[in-house]
file protein27.txt (compact mmCIF, C-alpha atoms)
# COMPACT_ATOMS: atom_id res chain seq x y z
CA MET L 1 30.72 -9.47 -2.73
CA SER L 2 31.89 -5.89 -2.14
CA GLU L 3 29.75 -3.47 -0.15
CA SER L 4 28.74 -1.48 -3.24
CA ALA L 5 27.88 -4.69 -5.13
CA GLY L 6 25.77 -5.71 -2.13
CA ILE L 7 23.90 -2.40 -2.22
CA ASP L 8 23.38 -2.77 -5.99
CA ALA L 9 22.03 -6.29 -5.46
CA LEU L 10 19.63 -5.03 -2.80
CA LYS L 11 18.45 -2.19 -5.04
CA PHE L 12 17.98 -4.65 -7.92
CA PHE L 13 15.90 -6.91 -5.66
CA ALA L 14 13.85 -3.91 -4.50
CA LYS L 15 13.28 -2.68 -8.07
CA ILE L 16 11.93 -6.03 -9.22
CA THR L 17 9.74 -6.29 -6.10
CA SER L 18 8.42 -2.76 -6.54
CA GLY L 19 7.59 -3.33 -10.23
CA SER L 20 5.90 -6.62 -9.44
CA THR L 21 3.73 -5.08 -6.70
CA HIS L 22 2.64 -2.48 -9.26
CA GLU L 23 1.62 -5.27 -11.63
CA LEU L 24 -0.08 -7.23 -8.85
CA ASN L 25 -2.02 -4.11 -7.97
CA ASN L 26 -3.31 -3.91 -11.54
CA ILE L 27 -4.41 -7.55 -11.31
CA VAL L 28 -6.21 -6.80 -8.03
CA ALA L 29 -7.90 -3.81 -9.69
CA ILE L 30 -9.10 -5.99 -12.58
CA VAL L 31 -10.44 -8.72 -10.25
CA ASN L 32 -12.21 -5.95 -8.31
CA GLU L 33 -13.91 -4.69 -11.49
CA LEU L 34 -14.76 -8.24 -12.61
CA GLY L 35 -16.54 -8.73 -9.28
CA GLY L 36 -18.43 -5.50 -9.85
CA SER L 37 -19.25 -6.52 -13.42
CA ILE L 38 -20.74 -9.82 -12.22
CA GLU L 39 -22.88 -7.86 -9.73
CA ASP L 40 -24.02 -5.56 -12.54
CA LYS L 41 -25.00 -8.55 -14.68
CA ILE L 42 -26.95 -10.16 -11.85
CA ASN L 43 -28.79 -6.91 -11.21
CA SER L 44 -29.69 -6.60 -14.88
CA LEU L 45 -31.13 -10.12 -15.17
CA GLU L 46 -34.75 -10.28 -16.17
CA ASN L 47 -37.04 -11.56 -13.42
CA PHE L 48 -34.24 -10.85 -10.99
CA ASP L 49 -34.86 -12.67 -7.73
CA PRO L 50 -32.53 -11.39 -4.97
CA ASP L 51 -33.18 -14.47 -2.80
CA LYS L 52 -31.92 -16.85 -5.46
CA THR L 53 -28.79 -14.86 -6.10
CA VAL L 54 -27.87 -14.27 -2.48
CA LYS L 55 -25.23 -17.02 -2.57
CA ILE L 56 -23.56 -15.48 -5.63
CA VAL L 57 -23.57 -12.06 -4.00
CA ASN L 58 -22.08 -13.58 -0.82
CA SER L 59 -19.29 -15.14 -2.89
CA ILE L 60 -18.62 -11.79 -4.58
CA ASN L 61 -18.41 -10.14 -1.18
CA LYS L 62 -15.85 -12.77 -0.17
CA ILE L 63 -13.85 -11.84 -3.28
CA TYR L 64 -13.98 -8.18 -2.19
CA ALA L 65 -12.71 -9.13 1.29
CA GLN L 66 -9.74 -10.92 -0.28
CA ILE L 67 -9.14 -7.91 -2.54
CA GLU L 68 -8.86 -5.72 0.58
CA ARG L 69 -6.33 -8.18 2.00
CA ALA L 70 -4.32 -8.17 -1.23
CA LYS L 71 -4.47 -4.36 -1.42
CA SER L 72 -3.04 -4.02 2.07
CA LEU L 73 -0.26 -6.52 1.39
CA THR L 74 0.80 -5.12 -1.99
CA LYS L 75 0.75 -1.59 -0.61
CA SER L 76 2.97 -2.53 2.34
CA LEU L 77 5.27 -4.62 0.13
CA ASN L 78 5.65 -1.75 -2.30
CA ARG L 79 6.61 0.67 0.46
CA PHE L 80 9.00 -1.93 1.90
CA SER L 81 10.69 -2.29 -1.49
CA HIS L 82 11.16 1.49 -1.63
CA SER L 83 12.76 1.47 1.84
CA VAL L 84 16.16 0.88 0.23
CA ASP L 85 15.85 3.89 -2.10
CA SER L 86 17.90 6.11 0.21
CA THR L 87 20.02 5.57 3.32
CA ILE L 88 18.17 8.04 5.48
CA GLU L 89 14.89 9.80 4.77
CA ASN L 90 11.80 11.41 6.26
CA ILE L 91 9.13 8.82 6.87
CA ASP L 92 5.90 8.34 8.75
CA ILE L 93 6.98 5.99 11.53
CA ILE L 94 3.42 4.85 12.26
CA GLN L 95 2.95 3.89 8.61
CA LEU L 96 6.23 1.97 8.70
CA LEU L 97 5.13 0.06 11.82
CA LYS L 98 1.77 -0.76 10.22
CA ASP L 99 3.58 -2.00 7.10
CA ALA L 100 5.96 -4.06 9.24
CA ALA L 101 3.04 -5.65 11.10
CA THR L 102 1.30 -6.47 7.81
CA LEU L 103 4.42 -7.97 6.25
CA PHE L 104 5.62 -9.86 9.33
CA ARG L 105 2.20 -11.28 10.23
CA TYR L 106 2.76 -14.30 7.97
CA PHE L 107 5.99 -15.24 9.77
CA VAL L 108 4.46 -14.61 13.18
CA LYS L 109 1.49 -16.82 12.27
CA LEU L 110 3.90 -19.63 11.38
CA GLU L 111 4.91 -19.55 15.05
CA SER L 112 1.20 -19.56 16.01
CA ALA L 113 1.60 -16.10 17.51
CA ASN L 114 -0.14 -12.81 16.75
CA ILE L 115 0.80 -9.12 16.49
CA VAL L 116 -1.48 -6.68 18.31
CA GLU L 117 -0.98 -3.05 17.28
CA ASN L 118 -1.67 0.00 19.43
CA TYR L 119 -0.15 3.29 18.33
CA SER L 120 0.04 6.55 20.23
CA SER L 121 -0.80 8.67 17.17
CA GLU L 122 -2.21 8.36 13.65
CA SER L 123 1.07 9.44 12.06
CA PHE L 124 4.41 10.82 13.16
CA PRO L 125 7.20 12.16 10.93
CA ILE L 126 10.67 10.90 11.66
CA ARG L 127 14.06 10.85 9.95
CA THR L 128 15.60 7.41 9.84
CA ASN L 129 16.84 4.53 7.71
CA PRO L 130 13.57 2.74 6.97
CA PHE L 131 15.13 -0.47 5.68
CA LEU L 132 17.28 -0.95 8.78
CA LEU L 133 14.32 -0.19 11.01
CA PHE L 134 12.29 -2.89 9.21
CA LEU L 135 15.21 -5.28 9.70
CA LEU L 136 15.62 -4.45 13.40
CA LEU L 137 11.91 -4.90 14.06
CA PHE L 138 11.84 -8.18 12.16
CA LYS L 139 14.80 -9.59 14.07
CA CYS L 140 13.30 -8.59 17.42
CA ILE L 141 9.87 -10.02 16.58
CA GLN L 142 11.38 -13.21 15.18
CA THR L 143 13.46 -13.68 18.32
CA ILE L 144 10.51 -13.03 20.59
CA CYS L 145 8.38 -15.48 18.58
CA SER L 146 10.95 -18.21 19.08
CA GLY L 147 10.90 -17.71 22.82
CA ILE L 148 7.35 -17.03 23.91
CA GLY L 149 5.54 -20.19 22.88
CA SER L 150 2.48 -20.56 20.67
CA GLN L 151 -0.90 -18.86 20.97
CA ARG L 152 0.72 -15.71 22.30
CA ASP L 153 0.22 -12.04 21.47
CA ILE L 154 3.09 -9.65 20.72
CA PHE L 155 2.03 -6.09 21.49
CA LEU L 156 3.56 -3.49 19.18
CA SER L 157 3.01 0.02 20.52
CA THR L 158 4.56 3.48 20.50
CA GLU L 159 5.07 6.51 22.69
CA THR L 160 5.02 9.85 20.92
CA GLY L 161 7.69 12.18 22.22
CA ASN L 162 11.33 13.06 21.89
CA PRO L 163 12.78 10.52 21.46
CA PHE L 164 9.98 8.58 19.78
CA LYS L 165 9.74 5.15 21.38
CA ILE L 166 8.69 1.79 20.00
CA TYR L 167 7.68 -0.97 22.38
CA LEU L 168 7.45 -4.70 21.82
CA LYS L 169 5.78 -6.46 24.73
CA CYS L 170 4.70 -10.00 25.34
CA ILE L 171 3.97 -12.52 28.07
CA THR L 172 5.73 -15.84 27.68
CA ARG L 173 4.13 -19.19 28.39
CA ASP L 174 5.26 -21.27 31.31
CA ASP L 175 6.03 -24.25 29.11
CA VAL L 176 8.38 -22.57 26.62
CA THR L 177 11.67 -24.30 25.91
CA VAL L 178 13.63 -21.05 25.63
CA SER L 179 14.31 -19.42 28.98
CA LEU L 180 13.74 -15.74 29.49
CA GLU L 181 17.49 -15.34 30.03
CA GLN L 182 18.20 -16.94 26.65
CA LEU L 183 15.61 -14.71 25.04
CA ILE L 184 17.15 -11.57 26.54
CA CYS L 185 20.60 -12.78 25.47
CA SER L 186 19.39 -13.19 21.86
CA LEU L 187 17.85 -9.73 21.91
CA ASN L 188 21.08 -8.26 23.23
CA GLU L 189 22.91 -9.91 20.33
CA ILE L 190 20.56 -8.04 17.97
CA ALA L 191 21.27 -4.82 19.86
CA ASN L 192 25.01 -5.43 19.40
CA LEU L 193 24.56 -6.20 15.72
CA PHE L 194 22.86 -2.84 15.22
CA SER L 195 25.16 -1.12 17.72
CA ILE L 196 22.17 0.25 19.55
CA GLU L 197 20.84 0.00 23.04
CA LEU L 198 17.69 -2.00 23.52
CA LYS L 199 16.06 -1.45 26.86
CA ILE L 200 14.84 -4.87 27.84
CA GLU L 201 12.75 -5.35 30.95
CA SER L 202 11.33 -8.54 32.35
CA GLY L 203 8.41 -8.51 34.71
CA ALA L 204 8.49 -9.49 38.37
CA ASP L 205 6.91 -12.83 37.57
CA LYS L 206 9.73 -13.48 35.08
CA CYS L 207 7.22 -14.12 32.36
CA LYS L 208 6.84 -10.65 30.93
CA ILE L 209 9.22 -8.98 28.54
CA ALA L 210 9.23 -5.46 27.12
CA ILE L 211 11.67 -4.03 24.58
CA GLU L 212 12.05 -0.32 24.12
CA PHE L 213 14.22 1.43 21.59
CA ASN L 214 14.33 4.89 20.20
CA VAL L 215 14.71 5.42 16.48
CA GLY L 216 17.27 8.16 16.99
CA ASN L 217 19.85 5.55 18.02
CA ILE L 218 19.82 4.07 14.53
CA ASN L 219 20.32 7.50 12.99
CA GLN L 220 23.25 8.27 15.26
CA ASN L 221 24.90 5.02 14.25
CA ILE L 222 24.35 5.70 10.56
CA ASN L 223 25.90 9.14 10.99
CA ARG L 224 28.87 7.56 12.76
CA GLY L 225 29.18 4.98 9.97
CA VAL L 226 28.41 2.07 12.30
CA LEU L 227 25.59 0.75 10.12
CA MET V 228 -30.37 14.84 -20.16
CA ASN V 229 -26.78 15.13 -21.30
CA ARG V 230 -24.72 12.14 -20.28
CA ILE V 231 -21.31 12.87 -18.81
CA LYS V 232 -18.66 11.97 -21.36
CA VAL V 233 -15.68 10.14 -19.92
CA LEU V 234 -12.53 8.83 -21.59
CA ILE V 235 -10.58 6.17 -19.70
CA VAL V 236 -6.94 5.70 -20.70
CA ASP V 237 -5.17 2.68 -19.23
CA ASP V 238 -2.89 0.17 -20.92
CA GLU V 239 -4.57 -2.57 -18.88
CA GLU V 240 -7.26 -3.21 -21.49
CA GLU V 241 -9.37 -5.45 -19.27
CA LEU V 242 -9.52 -2.78 -16.56
CA ALA V 243 -10.23 0.10 -18.94
CA SER V 244 -12.98 -1.77 -20.79
CA LEU V 245 -14.65 -2.99 -17.57
CA LEU V 246 -14.68 0.50 -16.09
CA ALA V 247 -16.13 1.97 -19.28
CA GLU V 248 -18.77 -0.77 -19.46
CA ARG V 249 -19.76 -0.29 -15.81
CA LEU V 250 -19.92 3.50 -16.08
CA ASN V 251 -22.08 3.20 -19.19
CA LEU V 252 -24.53 1.04 -17.23
CA ARG V 253 -24.81 4.00 -14.86
CA SER V 254 -25.78 6.57 -17.47
CA PHE V 255 -22.29 7.82 -18.29
CA ASP V 256 -21.05 7.97 -21.87
CA SER V 257 -17.66 6.29 -21.53
CA ASP V 258 -15.01 5.25 -24.00
CA PHE V 259 -11.63 3.77 -23.37
CA ALA V 260 -8.19 3.85 -24.98
CA ILE V 261 -5.22 1.65 -24.19
CA THR V 262 -2.49 3.76 -25.81
CA SER V 263 -1.74 7.46 -25.82
CA VAL V 264 -2.09 7.49 -29.63
CA ASP V 265 -5.61 6.04 -29.40
CA ALA V 266 -6.44 8.47 -26.60
CA ILE V 267 -5.44 11.49 -28.70
CA LYS V 268 -7.49 10.17 -31.65
CA SER V 269 -10.53 9.90 -29.36
CA ILE V 270 -9.96 13.42 -27.98
CA GLU V 271 -9.70 14.83 -31.51
CA ASN V 272 -13.00 13.25 -32.50
CA LYS V 273 -15.24 13.78 -29.48
CA LEU V 274 -15.69 16.36 -26.76
CA TYR V 275 -15.22 14.83 -23.30
CA ASP V 276 -16.04 16.19 -19.86
CA VAL V 277 -13.52 14.06 -17.99
CA ALA V 278 -10.43 12.03 -18.90
CA ILE V 279 -9.21 9.37 -16.48
CA ILE V 280 -5.57 8.62 -17.24
CA ASP V 281 -3.18 6.08 -15.76
CA VAL V 282 0.08 7.85 -14.86
CA ARG V 283 2.12 4.94 -16.16
CA LEU V 284 1.35 4.24 -19.76
CA LYS V 285 3.60 2.42 -22.19
CA GLY V 286 5.41 4.92 -24.38
CA MET V 287 4.23 8.37 -23.33
CA ASN V 288 3.60 8.71 -19.59
CA GLY V 289 0.19 9.75 -18.31
CA ILE V 290 1.22 13.26 -17.27
CA GLU V 291 2.63 14.05 -20.72
CA LEU V 292 -0.57 12.72 -22.26
CA MET V 293 -2.61 14.86 -19.86
CA LYS V 294 -0.77 18.00 -21.02
CA LEU V 295 -1.47 17.17 -24.69
CA ILE V 296 -5.13 16.40 -24.02
CA MET V 297 -5.56 19.68 -22.14
CA GLN V 298 -4.10 21.56 -25.10
CA ILE V 299 -6.65 19.95 -27.44
CA GLN V 300 -9.60 20.25 -25.07
CA PRO V 301 -8.82 22.97 -22.47
CA GLN V 302 -12.21 22.50 -20.75
CA ILE V 303 -11.56 18.84 -19.92
CA LYS V 304 -11.08 17.71 -16.33
CA VAL V 305 -8.41 15.11 -15.69
CA ILE V 306 -8.36 12.46 -13.00
CA LEU V 307 -5.12 10.49 -12.74
CA PHE V 308 -4.94 6.84 -11.83
CA THR V 309 -1.93 5.90 -9.75
CA GLY V 310 -0.77 2.64 -8.25
CA HIS V 311 1.41 1.90 -5.23
CA GLY V 312 4.69 3.70 -5.63
CA THR V 313 3.35 6.17 -8.18
CA GLU V 314 1.45 8.46 -5.83
CA GLU V 315 4.27 10.99 -6.12
CA GLU V 316 3.53 11.19 -9.85
CA GLY V 317 -0.12 11.78 -8.95
CA ARG V 318 0.87 14.73 -6.77
CA ARG V 319 3.08 16.05 -9.58
CA GLY V 320 0.09 15.73 -11.90
CA LEU V 321 -2.03 17.86 -9.56
CA ALA V 322 0.56 20.62 -9.75
CA LEU V 323 0.43 20.40 -13.55
CA GLY V 324 -3.33 20.72 -13.90
CA ALA V 325 -4.96 17.42 -12.95
CA SER V 326 -8.09 17.82 -10.82
CA LYS V 327 -7.58 14.69 -8.76
CA TYR V 328 -5.56 11.53 -8.45
CA ILE V 329 -6.93 8.20 -7.30
CA VAL V 330 -4.98 5.15 -6.16
CA LYS V 331 -6.00 1.87 -7.82
CA PRO V 332 -7.88 -0.36 -7.20
CA ILE V 333 -10.88 1.91 -7.04
CA ASN V 334 -14.44 1.61 -5.87
CA LEU V 335 -16.78 2.46 -8.76
CA GLU V 336 -19.16 4.45 -6.57
CA ASN V 337 -16.22 6.53 -5.33
CA LEU V 338 -15.01 7.05 -8.88
CA MET V 339 -18.44 8.33 -9.92
CA LEU V 340 -18.43 10.71 -6.96
CA GLU V 341 -14.98 11.96 -7.95
CA ILE V 342 -16.14 12.52 -11.54
CA LEU V 343 -19.16 14.48 -10.33
CA GLY V 344 -16.94 16.32 -7.85
CA VAL V 345 -14.42 17.56 -10.41
CA LEU V 346 -17.26 18.66 -12.71
CA GLU V 347 -18.95 20.48 -9.84
CA LYS V 348 -15.73 22.39 -9.13
CA LYS V 349 -15.69 23.34 -12.78
CA GLY V 350 -19.12 24.90 -12.17
call {"tool": "encode", "arguments": {"input": "protein27.txt", "output": "structure tokens"}}
result
Amino acid sequence: MSESAGIDALKFFAKITSGSTHELNNIVAIVNELGGSIEDKINSLENFDPDKTVKIVNSINKIYAQIERAKSLTKSLNRFSHSVDSTIENIDIIQLLKDAATLFRYFVKLESANIVENYSSESFPIRTNPFLLFLLLFKCIQTICSGIGSQRDIFLSTETGNPFKIYLKCITRDDVTVSLEQLICSLNEIANLFSIELKIESGADKCKIAIEFNVGNINQNINRGVL
Amino acid sequence: MNRIKVLIVDDEEELASLLAERLNLRSFDSDFAITSVDAIKSIENKLYDVAIIDVRLKGMNGIELMKLIMQIQPQIKVILFTGHGTEEEGRRGLALGASKYIVKPINLENLMLEILGVLEKKG
């Protein structure tokens, strides 16, 4: 497949995903209103006894909680699908990281790990290639997941400044099968793939790992035609 | 007391009818339309305070419909419904005369507050 055909294929995939998230959002909106309609009907019952209907109301509240979950996922998926719209654009980096955490959580959970988010600001404008940034983050998180063992937290944080920095930190378990050296080697392979420099530090006890990269590196490589 | 007259235009019939039904339970006078043609018929036959229009309708888009509705009833306030990925159209709608845009799914209490809010601005 030629490069332009590959880009077309990606845009086609994104278009279908974006349209489907729009439809899913309508379904979520209808389920939301159906929940509200059931509540209205309960409240309008003659001889309405709140104690007897408490279980129904609890179930409706559980539906609302799932609606919130679906809203968050469809919103993030929609923005992710639009990340291929242009090569480089102005984005809110914090929003992108939140979307990444939402979308990657499923894969992280499969490894019995967890993403803990802690951002240095509410929002921060940045010019980058959002799709490649999603991809880079995913590859790093996936690699870390494979090397840190289960029941671990991956800390995703930021440092607001110039350059803007993203950190991925974790503490590996003693009983993991992948050595810290192997893990660092895999992360360096990702860095080579993206032609960027990942600053990888391991703690004195050889069980801690921290990755730091600045978004500007990706932009420089796009401008040089590396990516 | 005069009930606030609201027209909801969304091609998702289930959503439009549920919203109208729920608003009517709360002392609003709501109707719904699922096509732009039906919406214009409603506007020609009844004076509304607020029209709530989905930006993505089959056939004519919501912003075009908004412009037509505002020509027929210049006093009407328009709230646009947007979904994920259509918020930009909501912002465009604001520049073209809409009073507000709301991202679906909505909370009914919030929607009622928005309706009252746009009417308050109208004074």
call {"tool": "closest_atom_pairs", "arguments": {"input": "protein27.txt", "of": "chain L", "to": "chain V", "cutoff": "10 Å", "atoms": "all atoms listed in the file", "output": "tab-separated table"}}
result
residue	atom	partner	partner_atom	distance
L:Ser18	CA	V:Gly312	CA	7.5
L:Gly19	CA	V:Gly312	CA	8.9
L:Thr21	CA	V:His311	CA	7.5
L:His22	CA	V:His311	CA	6.1
L:Glu23	CA	V:Gly310	CA	8.9
L:Leu24	CA	V:Gly310	CA	9.9
L:Asn25	CA	V:Gly310	CA	6.9
L:Asn26	CA	V:Pro332	CA	7.2
L:Ile27	CA	V:Leu242	CA	8.7
L:Val28	CA	V:Pro332	CA	6.7
L:Ala29	CA	V:Pro332	CA	4.3
L:Ile30	CA	V:Leu242	CA	5.1
L:Val31	CA	V:Leu242	CA	8.7
L:Asn32	CA	V:Pro332	CA	7.2
L:Glu33	CA	V:Leu245	CA	6.4
L:Leu34	CA	V:Leu245	CA	7.2
L:Gly36	CA	V:Arg249	CA	8.0
L:Ser37	CA	V:Arg249	CA	6.7
L:Asp40	CA	V:Arg249	CA	7.5
L:Lys41	CA	V:Arg249	CA	9.8
L:Ser44	CA	V:Leu252	CA	9.5
L:Ile67	CA	V:Pro332	CA	9.0
L:Glu68	CA	V:Pro332	CA	9.5
L:Lys71	CA	V:Pro332	CA	7.8
L:Thr74	CA	V:His311	CA	7.8
L:Lys75	CA	V:His311	CA	5.8
L:Ser76	CA	V:His311	CA	8.9
L:Leu77	CA	V:His311	CA	9.3
L:Asn78	CA	V:His311	CA	6.3
L:Arg79	CA	V:Gly312	CA	7.1
L:Ser81	CA	V:Gly312	CA	9.4
L:His82	CA	V:Gly312	CA	7.9
call {"tool": "write_last_selection", "arguments": {"input": "protein27.txt", "atoms": "C-alpha atoms", "output": "short mmCIF file (atom, residue, chain, number, x, y, z; two decimals), in the coordinates of the input"}}
result
data_model
loop_
_atom_site.label_atom_id
_atom_site.label_comp_id
_atom_site.auth_asym_id
_atom_site.auth_seq_id
_atom_site.Cartn_x
_atom_site.Cartn_y
_atom_site.Cartn_z
CA SER L 18 8.42 -2.76 -6.54
CA GLY L 19 7.59 -3.33 -10.23
CA THR L 21 3.73 -5.08 -6.70
CA HIS L 22 2.64 -2.48 -9.26
CA GLU L 23 1.62 -5.27 -11.63
CA LEU L 24 -0.08 -7.23 -8.85
CA ASN L 25 -2.02 -4.11 -7.97
CA ASN L 26 -3.31 -3.91 -11.54
CA ILE L 27 -4.41 -7.55 -11.31
CA VAL L 28 -6.21 -6.80 -8.03
CA ALA L 29 -7.90 -3.81 -9.69
CA ILE L 30 -9.10 -5.99 -12.58
CA VAL L 31 -10.44 -8.72 -10.25
CA ASN L 32 -12.21 -5.95 -8.31
CA GLU L 33 -13.91 -4.69 -11.49
CA LEU L 34 -14.76 -8.24 -12.61
CA GLY L 36 -18.43 -5.50 -9.85
CA SER L 37 -19.25 -6.52 -13.42
CA ASP L 40 -24.02 -5.56 -12.54
CA LYS L 41 -25.00 -8.55 -14.68
CA SER L 44 -29.69 -6.60 -14.88
CA ILE L 67 -9.14 -7.91 -2.54
CA GLU L 68 -8.86 -5.72 0.58
CA LYS L 71 -4.47 -4.36 -1.42
CA THR L 74 0.80 -5.12 -1.99
CA LYS L 75 0.75 -1.59 -0.61
CA SER L 76 2.97 -2.53 2.34
CA LEU L 77 5.27 -4.62 0.13
CA ASN L 78 5.65 -1.75 -2.30
CA ARG L 79 6.61 0.67 0.46
CA SER L 81 10.69 -2.29 -1.49
CA HIS L 82 11.16 1.49 -1.63
#
call {"tool": "residues_around", "arguments": {"input": "protein27.txt", "residues": "L:Leu187", "least_positions_apart": "6", "cutoff": "10 Å", "atoms": "all atoms listed in the file", "output": "PyMOL selection string"}}
result
chain L and resi 139-144+181+193+198-200+211
call {"tool": "atom_distance", "arguments": {"input": "protein27.txt", "atom1": "atom CA of L:Ser146", "atom2": "atom CA of L:Ala191"}}
result
16.9 Å
call {"tool": "residues_around", "arguments": {"input": "protein27.txt", "residues": "L:Glu122", "least_positions_apart": "6", "cutoff": "10 Å", "atoms": "only C-alpha atoms", "output": "list in words"}}
result
Asp92, Ile93, Ile94 and Gln95 of chain L
call {"tool": "residues_near_point", "arguments": {"input": "protein27.txt", "point": "(-0.7, -1.6, 18.9)", "cutoff": "8 Å", "atoms": "all atoms listed in the file", "output": "number ranges by chain"}}
result
L: 116-119, 155-158
call {"tool": "closest_residue", "arguments": {"input": "protein27.txt", "among": "V:Val345, V:Val233, V:Ile261, V:Ile306", "to": "V:Gly286", "atoms": "all atoms listed in the file"}}
result
V:Ile261
call {"tool": "atom_distance", "arguments": {"input": "protein27.txt", "atom1": "atom CA of V:Leu307", "atom2": "atom CA of V:Ile279"}}
result
5.7 Å
call {"tool": "atom_distance", "arguments": {"input": "protein27.txt", "atom1": "atom CA of L:Gln182", "atom2": "atom CA of L:Phe131"}}
result
26.8 Å
